[in-house]
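One file, input37.cif, carrying mmCIF, C-alpha atoms and all ligand atoms:
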```
data_upload
#
loop_
_atom_site.label_atom_id
_atom_site.label_comp_id
_atom_site.auth_asym_id
_atom_site.auth_seq_id
_atom_site.Cartn_x
_atom_site.Cartn_y
_atom_site.Cartn_z
CA MET A 44 -9.88 21.55 -12.12
CA THR A 45 -6.90 20.87 -14.32
CA ASN A 46 -3.50 19.36 -13.85
CA GLU A 47 -1.87 22.79 -13.98
CA LEU A 48 -4.12 24.01 -11.20
CA VAL A 49 -3.31 21.03 -9.02
CA HIS A 50 0.37 21.51 -9.56
CA ALA A 51 0.18 25.24 -8.93
CA ARG A 52 -1.77 24.65 -5.76
CA ILE A 53 0.83 22.25 -4.39
CA GLU A 54 3.67 24.58 -5.27
CA GLN A 55 1.88 27.53 -3.77
CA GLN A 56 0.80 25.93 -0.51
CA ARG A 57 3.82 23.71 0.12
CA PRO A 58 6.78 24.87 -1.90
CA GLY A 59 9.63 22.41 -2.01
CA LEU A 60 7.58 19.27 -1.66
CA LEU A 61 7.90 18.24 -5.28
CA VAL A 62 11.06 17.12 -7.02
CA GLY A 63 9.58 16.97 -10.47
CA TYR A 64 6.33 16.71 -12.34
CA GLU A 65 5.02 15.82 -15.75
CA THR A 66 1.79 15.08 -17.53
CA ALA A 67 1.91 11.39 -18.32
CA TYR A 68 0.99 9.78 -21.65
CA ASP A 69 -2.58 9.29 -20.47
CA GLY A 70 -3.08 12.85 -19.36
CA MET A 71 -2.69 12.22 -15.67
CA LEU A 72 -0.55 14.49 -13.55
CA SER A 73 2.45 12.60 -12.30
CA VAL A 74 4.53 14.19 -9.56
CA GLU A 75 7.72 13.02 -8.01
CA THR A 76 8.81 13.63 -4.47
CA SER A 77 11.47 12.47 -2.09
CA ARG A 78 11.40 9.86 0.60
CA GLU A 79 11.50 12.44 3.37
CA GLN A 80 8.58 14.44 1.99
CA ILE A 81 6.21 11.71 0.90
CA GLY A 82 4.25 11.57 4.14
CA ALA A 83 3.73 15.31 4.20
CA LEU A 84 2.76 15.41 0.53
CA LEU A 85 0.20 12.65 0.81
CA GLU A 86 -1.31 14.21 3.89
CA PHE A 87 -1.48 17.57 2.18
CA LEU A 88 -3.11 16.09 -0.91
CA ARG A 89 -5.69 14.35 1.21
CA ASP A 90 -6.54 17.19 3.55
CA ASP A 91 -6.25 20.30 1.41
CA GLU A 92 -9.77 21.68 1.00
CA LEU A 93 -9.24 22.44 -2.66
CA LEU A 94 -7.53 19.25 -3.80
CA GLN A 95 -9.32 16.65 -1.69
CA PHE A 96 -7.58 13.59 -3.04
CA HIS A 97 -9.27 11.52 -0.40
CA PHE A 98 -9.19 8.14 -2.10
CA LEU A 99 -6.13 5.95 -2.46
CA THR A 100 -6.75 4.04 -5.67
CA THR A 101 -3.60 2.00 -5.70
CA LEU A 102 -0.09 1.76 -4.45
CA CYS A 103 2.58 -0.39 -5.98
CA GLY A 104 6.26 -0.86 -6.47
CA ILE A 105 8.31 -0.60 -9.64
CA HIS A 106 11.84 -1.77 -10.23
CA PHE A 107 14.23 -0.04 -12.64
CA PRO A 108 17.47 -1.99 -12.36
CA GLU A 109 19.46 0.31 -14.70
CA GLU A 110 18.93 3.56 -12.86
CA LYS A 111 21.59 3.99 -10.23
CA ASP A 112 20.25 4.95 -6.81
CA ARG A 113 16.76 5.21 -8.23
CA GLU A 114 16.19 1.51 -8.68
CA LEU A 115 13.04 1.16 -6.68
CA CYS A 116 9.98 3.28 -7.03
CA VAL A 117 6.72 3.32 -5.16
CA MET A 118 3.78 4.77 -6.97
CA TYR A 119 0.64 6.08 -5.29
CA GLN A 120 -2.47 6.90 -7.25
CA LEU A 121 -4.96 9.20 -5.65
CA HIS A 122 -8.43 10.09 -6.81
CA ASN A 123 -10.69 12.99 -6.07
CA TRP A 124 -14.18 11.65 -6.48
CA ARG A 125 -15.94 14.96 -6.25
CA LYS A 126 -14.07 16.55 -9.14
CA ASN A 127 -13.05 13.28 -10.76
CA ILE A 128 -9.38 14.02 -11.08
CA ARG A 129 -6.50 11.74 -10.40
CA ILE A 130 -2.89 12.21 -9.50
CA ARG A 131 0.10 9.92 -9.49
CA VAL A 132 2.81 10.31 -6.87
CA LYS A 133 6.17 8.63 -7.30
CA VAL A 134 9.05 8.18 -4.91
CA PHE A 135 12.39 6.80 -5.99
CA PHE A 136 15.02 5.35 -3.69
CA PRO A 137 18.04 3.06 -3.90
CA VAL A 138 17.58 -0.69 -3.74
CA GLU A 139 20.21 -1.12 -1.04
CA ASP A 140 18.18 0.83 1.48
CA PRO A 141 14.52 0.29 0.69
CA HIS A 142 12.46 1.95 3.36
CA LEU A 143 9.59 4.38 3.26
CA PRO A 144 7.18 5.84 5.78
CA THR A 145 3.88 4.01 5.82
CA ALA A 146 0.64 5.43 4.47
CA THR A 147 -1.54 3.30 6.71
CA THR A 148 -1.90 6.23 9.07
CA LEU A 149 -3.63 8.15 6.28
CA TRP A 150 -5.58 5.36 4.57
CA ALA A 151 -6.39 2.03 6.15
CA ALA A 152 -6.59 0.61 2.64
CA ALA A 153 -2.86 1.05 2.29
CA ASN A 154 -2.32 -1.83 4.68
CA TRP A 155 -2.58 -4.72 2.25
CA MET A 156 -1.12 -2.78 -0.65
CA GLU A 157 1.99 -2.04 1.37
CA ARG A 158 2.22 -5.64 2.41
CA GLU A 159 2.04 -6.61 -1.24
CA THR A 160 4.74 -4.14 -2.17
CA TYR A 161 6.90 -5.50 0.60
CA ASP A 162 6.20 -9.02 -0.57
CA PHE A 163 7.21 -8.37 -4.16
CA TYR A 164 9.86 -5.68 -3.92
CA GLY A 165 11.10 -5.81 -0.37
CA VAL A 166 10.22 -2.22 0.45
CA ARG A 167 10.08 -1.81 4.20
CA PHE A 168 7.30 0.51 5.22
CA VAL A 169 8.33 2.04 8.52
CA GLY A 170 5.43 2.11 10.96
CA HIS A 171 3.32 -0.50 9.22
CA PRO A 172 1.35 -2.52 11.80
CA ASN A 173 1.92 -5.96 10.29
CA LEU A 174 4.48 -6.02 7.54
CA THR A 175 4.52 -9.66 6.47
CA ARG A 176 4.27 -11.44 3.17
CA ILE A 177 0.76 -11.47 1.81
CA LEU A 178 0.61 -13.34 -1.47
CA ASN A 179 3.61 -15.61 -1.38
CA VAL A 180 4.48 -18.37 1.01
CA GLU A 181 5.96 -17.13 4.26
CA ASP A 182 9.32 -18.79 3.84
CA LEU A 183 10.15 -17.42 0.40
CA ASP A 184 13.52 -15.74 0.71
CA VAL A 185 13.51 -13.54 -2.40
CA PHE A 186 11.42 -10.61 -3.54
CA PRO A 187 10.17 -12.13 -6.76
CA MET A 188 9.13 -9.07 -8.72
CA ARG A 189 12.60 -7.59 -8.73
CA LYS A 190 13.99 -8.04 -12.19
CA GLU A 191 16.99 -10.14 -11.25
CA TYR A 192 14.87 -13.07 -10.11
CA ARG A 193 13.76 -15.50 -12.74
CA LEU A 194 10.23 -16.36 -13.56
CA GLU A 195 10.44 -20.11 -13.29
CA ASP A 196 10.60 -22.06 -10.14
CA GLY A 197 14.28 -22.62 -9.55
CA THR A 198 13.76 -26.00 -7.93
CA ARG A 199 12.13 -27.55 -10.94
CA THR A 200 13.83 -30.71 -12.19
CA ASP A 201 11.57 -32.10 -14.86
CA LYS A 202 12.11 -29.60 -17.61
CA ASP A 203 14.57 -29.82 -20.47
CA ASP A 204 14.20 -26.83 -22.73
CA ARG A 205 17.60 -26.99 -24.37
CA PHE A 206 16.02 -27.85 -27.69
CA LEU A 207 13.83 -24.81 -27.46
CA GLY A 208 16.73 -22.48 -26.92
CA GLY A 209 16.82 -22.75 -23.16
CA GLU A 210 19.82 -23.58 -21.10
CA GLY A 211 18.69 -26.90 -19.72
CA HIS A 212 18.46 -27.62 -16.10
CA GLU A 213 21.24 -28.35 -13.69
CA GLY A 214 18.98 -30.47 -11.53
CA ARG A 215 18.95 -33.34 -13.96
CA GLN A 216 21.55 -35.33 -15.83
CA PHE A 217 21.16 -35.95 -19.54
CA ASP A 218 23.29 -38.33 -21.49
CA MET B 91 -35.45 -44.39 -18.34
CA THR B 92 -33.40 -45.89 -15.61
CA LYS B 93 -30.26 -47.63 -16.60
CA ILE B 94 -29.13 -50.51 -14.48
CA ALA B 95 -25.48 -51.30 -14.11
CA GLU B 96 -24.36 -54.21 -16.17
CA MET B 97 -23.94 -57.55 -14.53
CA PRO B 98 -20.42 -58.64 -13.80
CA GLU B 99 -19.11 -62.06 -14.78
CA GLY B 100 -20.40 -64.86 -12.63
CA PHE B 101 -22.57 -67.94 -12.41
CA ALA B 102 -26.23 -67.53 -12.88
CA GLY B 103 -28.81 -70.13 -12.23
CA GLU B 104 -32.38 -70.56 -11.22
CA GLY B 105 -32.97 -67.73 -8.76
CA PHE B 106 -29.40 -67.07 -7.85
CA PHE B 107 -26.35 -65.28 -9.14
CA ALA B 108 -22.85 -65.70 -7.80
CA THR B 109 -19.87 -63.50 -8.42
CA SER B 110 -16.82 -62.38 -6.52
CA LEU B 111 -17.27 -59.89 -3.73
CA SER B 112 -14.69 -57.62 -5.33
CA LYS B 113 -16.77 -57.20 -8.43
CA ALA B 114 -20.00 -56.56 -6.61
CA VAL B 115 -18.38 -54.01 -4.36
CA GLY B 116 -16.63 -52.46 -7.36
CA ILE B 117 -19.91 -51.91 -9.15
CA ALA B 118 -21.51 -50.45 -6.07
CA ARG B 119 -18.61 -48.10 -5.48
CA ALA B 120 -18.25 -47.04 -9.09
CA ASN B 121 -21.85 -45.98 -9.38
CA SER B 122 -22.09 -44.05 -6.17
CA ILE B 123 -18.99 -41.93 -6.04
CA TRP B 124 -19.24 -38.86 -3.88
CA PRO B 125 -16.96 -36.23 -5.28
CA LEU B 126 -15.32 -33.44 -3.35
CA PRO B 127 -14.83 -30.52 -5.73
CA PHE B 128 -11.64 -28.64 -4.95
CA ALA B 129 -12.20 -25.89 -7.48
CA THR B 130 -9.69 -23.10 -7.22
CA SER B 131 -9.99 -21.33 -10.53
CA CYS B 132 -11.12 -21.37 -14.14
CA CYS B 133 -11.44 -25.13 -14.48
CA GLY B 134 -13.85 -25.02 -11.58
CA ILE B 135 -16.21 -22.98 -13.73
CA GLU B 136 -16.04 -25.68 -16.34
CA PHE B 137 -16.81 -28.21 -13.65
CA MET B 138 -19.86 -26.22 -12.66
CA ALA B 139 -21.04 -26.49 -16.24
CA THR B 140 -20.46 -30.22 -16.02
CA MET B 141 -22.51 -30.44 -12.85
CA GLY B 142 -25.29 -28.44 -14.40
CA THR B 143 -28.26 -29.78 -16.27
CA ASP B 144 -26.73 -29.80 -19.72
CA TYR B 145 -24.02 -32.29 -19.00
CA ASP B 146 -25.48 -33.64 -15.78
CA LEU B 147 -22.82 -35.40 -13.82
CA SER B 148 -25.42 -36.95 -11.57
CA ARG B 149 -26.04 -39.54 -14.25
CA PHE B 150 -22.95 -41.22 -12.93
CA GLY B 151 -24.17 -41.58 -9.40
CA MET B 152 -22.71 -38.26 -8.33
CA GLU B 153 -25.91 -36.65 -7.29
CA ARG B 154 -24.44 -35.38 -4.11
CA LEU B 155 -21.34 -33.29 -3.97
CA SER B 156 -19.68 -33.72 -0.67
CA PHE B 157 -18.12 -30.65 0.78
CA SER B 158 -16.69 -32.50 3.70
CA PRO B 159 -13.57 -34.49 2.89
CA ARG B 160 -14.50 -37.13 5.43
CA GLN B 161 -17.51 -38.28 3.46
CA SER B 162 -16.14 -38.24 -0.03
CA ASP B 163 -14.48 -40.78 -2.27
CA LEU B 164 -13.21 -38.71 -5.14
CA LEU B 165 -11.13 -35.59 -4.86
CA MET B 166 -11.56 -33.48 -7.98
CA VAL B 167 -8.79 -30.93 -8.14
CA MET B 168 -9.66 -28.26 -10.65
CA GLY B 169 -7.54 -25.24 -11.18
CA THR B 170 -4.22 -23.77 -10.30
CA ILE B 171 -2.74 -24.92 -7.03
CA ALA B 172 -0.34 -22.32 -5.74
CA LYS B 173 2.45 -23.30 -3.42
CA LYS B 174 0.60 -21.64 -0.59
CA MET B 175 -2.39 -23.88 -1.32
CA ALA B 176 -0.42 -27.14 -1.49
CA PRO B 177 -0.47 -27.89 2.27
CA VAL B 178 -4.21 -27.28 2.32
CA LEU B 179 -4.70 -29.70 -0.54
CA LYS B 180 -2.62 -32.31 1.18
CA GLN B 181 -4.56 -31.85 4.39
CA VAL B 182 -7.83 -32.32 2.55
CA TYR B 183 -6.46 -35.47 0.97
CA THR B 184 -5.31 -36.94 4.25
CA GLN B 185 -8.67 -36.21 5.83
CA MET B 186 -10.50 -38.28 3.24
CA ALA B 187 -11.37 -41.82 4.24
CA GLU B 188 -10.12 -44.79 2.26
CA PRO B 189 -10.82 -45.78 -0.44
CA LYS B 190 -10.15 -42.49 -2.19
CA TRP B 191 -9.35 -41.44 -5.71
CA VAL B 192 -8.01 -38.25 -7.17
CA ILE B 193 -8.68 -36.67 -10.54
CA ALA B 194 -6.63 -33.72 -11.73
CA VAL B 195 -8.72 -31.60 -14.07
CA GLY B 196 -6.96 -29.16 -16.35
CA ALA B 197 -3.43 -28.38 -17.33
CA CYS B 198 -2.74 -26.44 -14.15
CA ALA B 199 -3.60 -29.24 -11.78
CA SER B 200 -1.81 -31.79 -13.93
CA SER B 201 1.40 -29.96 -14.67
CA GLY B 202 1.25 -26.31 -13.78
CA GLY B 203 -0.08 -25.41 -17.20
CA ILE B 204 0.78 -22.00 -18.55
CA PHE B 205 1.83 -20.85 -15.11
CA ASP B 206 5.41 -21.99 -15.10
CA THR B 207 6.23 -19.62 -12.26
CA TYR B 208 7.75 -19.46 -8.84
CA SER B 209 4.45 -19.44 -7.03
CA VAL B 210 2.56 -22.24 -8.73
CA LEU B 211 2.87 -25.89 -7.85
CA GLN B 212 3.96 -27.70 -10.99
CA GLY B 213 1.33 -30.41 -10.90
CA ILE B 214 -0.53 -31.70 -7.89
CA ASP B 215 1.24 -35.04 -8.19
CA LYS B 216 4.05 -33.31 -6.36
CA VAL B 217 2.02 -33.52 -3.17
CA ILE B 218 -0.65 -36.19 -3.58
CA PRO B 219 -1.01 -39.29 -5.79
CA VAL B 220 -3.28 -38.80 -8.80
CA ASP B 221 -5.33 -41.44 -10.61
CA VAL B 222 -6.60 -39.66 -13.71
CA TYR B 223 -5.36 -36.54 -15.46
CA VAL B 224 -7.67 -34.56 -17.70
CA PRO B 225 -5.79 -32.32 -20.12
CA GLY B 226 -7.04 -29.04 -21.50
CA CYS B 227 -7.03 -25.40 -20.55
CA PRO B 228 -9.83 -25.56 -19.65
CA PRO B 229 -11.11 -29.02 -20.60
CA ARG B 230 -14.54 -29.27 -22.14
CA PRO B 231 -17.24 -30.80 -19.96
CA GLU B 232 -17.14 -33.84 -22.24
CA GLN B 233 -13.51 -34.28 -21.34
CA ILE B 234 -14.25 -34.05 -17.65
CA ILE B 235 -16.99 -36.63 -18.07
CA ASP B 236 -14.53 -38.85 -19.89
CA GLY B 237 -12.15 -38.49 -16.97
CA ILE B 238 -14.94 -39.40 -14.57
CA MET B 239 -15.72 -42.49 -16.61
CA LYS B 240 -12.07 -43.47 -16.49
CA ILE B 241 -12.23 -43.13 -12.73
CA GLN B 242 -15.33 -45.32 -12.66
CA GLU B 243 -13.48 -47.92 -14.69
CA LEU B 244 -10.63 -47.82 -12.19
CA VAL B 245 -12.96 -48.06 -9.25
CA LYS B 246 -14.85 -50.95 -10.78
CA ASN B 247 -11.74 -52.99 -11.39
CA GLU B 248 -9.94 -52.25 -8.20
CA PRO B 249 -9.37 -55.32 -6.01
CA LEU B 250 -10.68 -54.97 -2.49
CA ARG B 251 -7.26 -55.60 -1.03
CA ARG B 252 -5.43 -52.94 -2.98
CA ARG B 253 -5.57 -50.38 -0.18
CA PHE B 254 -3.83 -52.81 2.18
CA SER B 255 -1.14 -53.88 -0.25
CA PRO B 256 2.49 -52.99 0.40
CA GLU B 257 2.65 -51.20 -2.96
CA TYR B 258 -0.08 -48.83 -1.89
CA GLN B 259 1.57 -48.25 1.48
CA HIS B 260 4.79 -47.56 -0.33
CA LEU B 261 3.05 -45.05 -2.60
CA LEU B 262 1.64 -43.19 0.37
CA GLU B 263 5.00 -43.24 2.08
CA LYS B 264 6.55 -41.70 -0.97
CA TYR B 265 4.20 -38.76 -0.58
CA GLN B 266 4.78 -38.75 3.17
CA ILE B 267 1.16 -39.41 3.90
CA ALA B 268 0.81 -41.60 6.94
CA MET C 117 -11.95 -21.63 17.78
CA ASN C 118 -13.91 -22.34 20.91
CA GLY C 119 -15.72 -25.62 20.42
CA GLU C 120 -17.62 -25.00 17.25
CA LYS C 121 -17.63 -21.25 17.62
CA ILE C 122 -15.12 -19.20 15.72
CA VAL C 123 -13.82 -16.66 18.13
CA SER C 124 -11.48 -14.74 15.91
CA ALA C 125 -10.39 -14.91 12.32
CA GLU C 126 -7.73 -13.25 10.27
CA PRO C 127 -8.21 -12.89 6.55
CA THR C 128 -5.34 -13.95 4.34
CA ILE C 129 -5.10 -13.97 0.59
CA GLY C 130 -2.71 -15.33 -1.98
CA TYR C 131 -3.89 -18.90 -2.25
CA ILE C 132 -4.06 -18.76 -6.00
CA HIS C 133 -1.32 -16.27 -6.58
CA ARG C 134 -0.06 -17.30 -10.00
CA ALA C 135 2.57 -14.63 -10.67
CA PHE C 136 0.61 -13.02 -13.47
CA GLU C 137 2.70 -9.88 -13.30
CA LYS C 138 5.98 -11.65 -13.68
CA LEU C 139 4.57 -13.85 -16.41
CA ALA C 140 3.33 -10.82 -18.29
CA GLU C 141 6.72 -9.17 -18.01
CA HIS C 142 8.17 -11.94 -20.11
CA ARG C 143 5.67 -11.88 -22.94
CA PRO C 144 4.82 -9.77 -25.96
CA TYR C 145 1.64 -7.74 -25.63
CA ASN C 146 -0.61 -9.99 -27.66
CA GLN C 147 0.40 -13.08 -25.75
CA ILE C 148 -0.77 -11.58 -22.49
CA THR C 149 -4.38 -11.85 -23.60
CA PRO C 150 -4.72 -15.50 -22.58
CA ILE C 151 -3.44 -14.64 -19.13
CA THR C 152 -5.95 -11.87 -18.60
CA ASP C 153 -8.55 -14.36 -19.79
CA ARG C 154 -7.79 -16.47 -16.81
CA LEU C 155 -7.84 -13.63 -14.29
CA ASN C 156 -11.56 -13.65 -13.91
CA TYR C 157 -12.91 -16.65 -15.67
CA CYS C 158 -16.54 -15.62 -15.37
CA SER C 159 -16.19 -12.62 -17.61
CA SER C 160 -12.92 -13.04 -19.37
CA PRO C 161 -13.67 -10.84 -22.42
CA ILE C 162 -14.19 -7.90 -20.11
CA ASN C 163 -10.81 -8.48 -18.52
CA ASN C 164 -9.24 -8.74 -21.94
CA MET C 165 -10.79 -5.46 -22.85
CA GLY C 166 -9.16 -3.78 -19.90
CA TRP C 167 -5.80 -5.04 -21.04
CA HIS C 168 -6.39 -4.15 -24.68
CA MET C 169 -7.46 -0.66 -23.82
CA THR C 170 -4.33 -0.22 -21.76
CA VAL C 171 -2.16 -1.25 -24.67
CA GLU C 172 -4.09 0.96 -27.05
CA LYS C 173 -3.59 3.90 -24.74
CA LEU C 174 0.11 3.16 -24.47
CA ALA C 175 0.60 2.74 -28.20
CA LYS C 176 -1.89 5.46 -29.12
CA ILE C 177 -3.93 3.15 -31.31
CA GLU C 178 -7.42 4.08 -32.34
CA VAL C 179 -9.86 1.23 -32.70
CA PRO C 180 -12.26 1.27 -35.66
CA LYS C 181 -15.95 1.75 -35.00
CA ARG C 182 -16.83 -1.75 -36.16
CA ALA C 183 -14.39 -3.34 -33.75
CA GLN C 184 -15.79 -1.25 -30.95
CA TYR C 185 -19.31 -2.42 -31.71
CA MET C 186 -18.13 -6.00 -31.76
CA ARG C 187 -16.43 -5.53 -28.44
CA VAL C 188 -19.54 -4.18 -26.85
CA ILE C 189 -21.57 -7.11 -28.16
CA ILE C 190 -19.03 -9.62 -26.89
CA MET C 191 -18.83 -7.94 -23.52
CA GLU C 192 -22.60 -7.92 -23.20
CA LEU C 193 -22.70 -11.60 -23.99
CA ALA C 194 -20.04 -12.22 -21.38
CA LEU C 195 -22.09 -10.26 -18.90
CA TRP C 196 -24.96 -12.68 -19.36
CA THR C 197 -22.88 -15.68 -18.56
CA ALA C 198 -21.19 -14.07 -15.59
CA PRO C 199 -23.07 -14.85 -12.42
S1 LIG A 301 -5.77 -25.31 -16.79
FE1 LIG A 301 -6.29 -23.37 -17.76
S2 LIG A 301 -8.48 -23.15 -17.42
FE2 LIG A 301 -7.74 -24.69 -15.98
S3 LIG A 301 -7.26 -23.61 -14.10
FE3 LIG A 301 -5.40 -23.70 -15.30
S4 LIG A 301 -5.40 -21.80 -16.47
FE4 LIG A 301 -7.47 -22.10 -15.72
#
```
Show the structure stored in the file as structure tokens.
Ligand code: SF4
Amino acid sequence: MTNELVHARIEQQRPGLLVGYETAYDGMLSVETSREQIGALLEFLRDDELLQFHFLTTLCGIHFPEEKDRELCVMYQLHNWRKNIRIRVKVFFPVEDPHLPTATTLWAAANWMERETYDFYGVRFVGHPNLTRILNVEDLDVFPMRKEYRLEDGTRTDKDDRFLGGEGHEGRQFD
Amino acid sequence: MTKIAEMPEGFAGEGFFATSLSKAVGIARANSIWPLPFATSCCGIEFMATMGTDYDLSRFGMERLSFSPRQSDLLMVMGTIAKKMAPVLKQVYTQMAEPKWVIAVGACASSGGIFDTYSVLQGIDKVIPVDVYVPGCPPRPEQIIDGIMKIQELVKNEPLRRRFSPEYQHLLEKYQIA
Amino acid sequence: MNGEKIVSAEPTIGYIHRAFEKLAEHRPYNQITPITDRLNYCSSPINNMGWHMTVEKLAKIEVPKRAQYMRVIIMELALWTAP
């Protein structure tokens, strides 16, 4: 089975599900869909007797701050073990309104991955059974993987990197 | 060959030896430290090498690792302590009985190391008092042994009353440990 | 907990979350190698290889035969030490 076949099959069985598609640099089929269609597309990919993408390899968020109204992206990677073919599904949506239907109804494995995506990017998965922070401390009030947040701990007071080209630290007085 | 701890200063005579209680207790403590390994990441692997036969930490009276904080004297923190882990570390420390010592093994435990990030505690001395820092990422087993010997030196020379002194109470208060 | 019996438990993770991803965002490719080293400290060369192969795929670099042999040897050695 080839990428063209997979794409043709989706288009033939469910026309209108896809917004765009390409073959990525590594030869994997990468399709894009919309927020409204993602649930239907994933279910179709899993249950179609020809495609059988029954395994959710990974699910993660991506942040593109420059692209207006397409800032956040959630990427699903599915794998068909029997034919050993993979597919990448992407959904883009604006950062102001980050919500997406959950995939936990299709794969139980999506549970923690969605929690992680929520933790890092603040994507709200509607219908998720327990959407709380997973890796970070509960009371963190930012979504740290978004590009606007800095890497270093903002509360740090013991670092003076002005001589290394940094901007120093407001927390401490130097004279 | 068994090696016997060296005699402290004191008066020796025919059939008797007198020294201060502090010194005798110090020697006894220093040569029978029970460590509690708090190994969270890579430095823990290095510690396992140190415990193993090649480097053999049990030479220093550490035959038994204590995995219960209540029965241990030395907290060995090895590896990155994330902010989520910090309360756990503090709880382990408070559960240990006095007298207790802490050794921070590796750059991460001492200062955050290469992980200068939002999620990593920048040195465990932010939450608990530390006696000896061992640098390195990861430190060689020799370095860890050197740190252990420094701890032994501290233990040996610690006055019995130190844990009741106002300075020590003040130190604990600073870390908000009752 | 009921006495000494554990009645129910809930798994949580993230106790050594070190923000690798964010750290890697801020570094040139070759400087990420020490971070992947410390991902899995039992078999760090194998982790490095995963990262290097990713970069090679991205940059379309082909690795010479000799380097590939060396990699395999190093990875096998790492496999011995990994428990
Ligand atoms: S100091 Fe280095 S080797 Fe030790 S835990 Fe930190 S990253 Fe790992």
What is the distance between CA of Glu263 (chain B) and CA of Ile193 (chain B), in Å to one decimal?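 Separating CA of Glu263 (chain B) from CA of Ile193 (chain B) is a distance of 19.7 Å.
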Which residues sit within 7 Å of ligand LIG 301 (chain A), counting only C-alpha atoms and all ligand atoms, listed as JSON, numbers by chain? {"B": [131, 132, 133, 168, 169, 170, 196, 197, 198, 199, 203, 204, 226, 227, 228], "C": [154]}
6 Å contacts from chain C to chain B using all atoms listed in the file, as a PDB file with C-alpha atoms, in the coordinates of the input:
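Result saved to result11.pdb:
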```
ATOM      1  CA  TYR C 131      -3.890 -18.900  -2.250  1.00  0.00           C
ATOM      2  CA  ILE C 132      -4.060 -18.760  -6.000  1.00  0.00           C
ATOM      3  CA  ARG C 134      -0.060 -17.300 -10.000  1.00  0.00           C
ATOM      4  CA  TYR C 157     -12.910 -16.650 -15.670  1.00  0.00           C
TER       5      TYR C 157
END
```
Enumerate, in order of chain and increasing residue number, the residues of chain A with an atom no farther than 8 Å from chain C, each with its shortest atom pair and distance in Å to one decimal, counting only C-alpha atoms, as CSV.
```
residue,atom,partner,partner_atom,distance
A:Tyr68,CA,C:Leu174,CA,7.2
A:Asp69,CA,C:Lys173,CA,7.0
A:Ile177,CA,C:Gly130,CA,6.4
A:Leu178,CA,C:Gly130,CA,3.9
A:Asn179,CA,C:Gly130,CA,6.4
A:Met188,CA,C:Lys138,CA,6.4
A:Leu194,CA,C:Lys138,CA,6.3
```
Could you give me, as a tab-separated table, every chain A residue with an atom at most 6 Å from chain B, plus its closest atom pair and distance in Å to one decimal, counting only C-alpha atoms, rows ordered by chain then number?
```
residue	atom	partner	partner_atom	distance
A:Val180	CA	B:Lys174	CA	5.3
A:Leu194	CA	B:Thr207	CA	5.3
A:Glu195	CA	B:Thr207	CA	4.4
A:Asp196	CA	B:Tyr208	CA	4.1
```
Around (0.4, 9.2, -11.0) in the file's own coordinates, what residues are found within 8 Å if you use only C-alpha atoms, given back as a ChimeraX atom specification? /A:67,71-74,118-121,129-133
Counting only C-alpha atoms, what is within 10 Å of Glu139 (chain A), bar same-chain residues fewer than 4 positions away, as number ranges by chain? A: 112, 114-115
Just the selected residues (C-alpha atoms), exported as a CSV table (one decimal), in the frame of the given file, please.
```csv
chain,number,residue,atom,x,y,z
A,112,ASP,CA,20.2,5.0,-6.8
A,114,GLU,CA,16.2,1.5,-8.7
A,115,LEU,CA,13.0,1.2,-6.7
```
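In this structure, CA of Thr45 (chain A) sits 15.6 Å away from CA of Glu92 (chain A).
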Enumerate, as a tab-separated table (two decimals) with C-alpha atoms, in the coordinates of the input, the protein, DNA and RNA residues whose atoms approach (5.3, -1.6, 11.0) to within 10 Å, taking into account only C-alpha atoms and the coordinate frame of the file.
```tsv
chain	number	residue	atom	x	y	z
A	144	PRO	CA	7.18	5.84	5.78
A	145	THR	CA	3.88	4.01	5.82
A	147	THR	CA	-1.54	3.30	6.71
A	154	ASN	CA	-2.32	-1.83	4.68
A	158	ARG	CA	2.22	-5.64	2.41
A	167	ARG	CA	10.08	-1.81	4.20
A	168	PHE	CA	7.30	0.51	5.22
A	169	VAL	CA	8.33	2.04	8.52
A	170	GLY	CA	5.43	2.11	10.96
A	171	HIS	CA	3.32	-0.50	9.22
A	172	PRO	CA	1.35	-2.52	11.80
A	173	ASN	CA	1.92	-5.96	10.29
A	174	LEU	CA	4.48	-6.02	7.54
A	175	THR	CA	4.52	-9.66	6.47
```
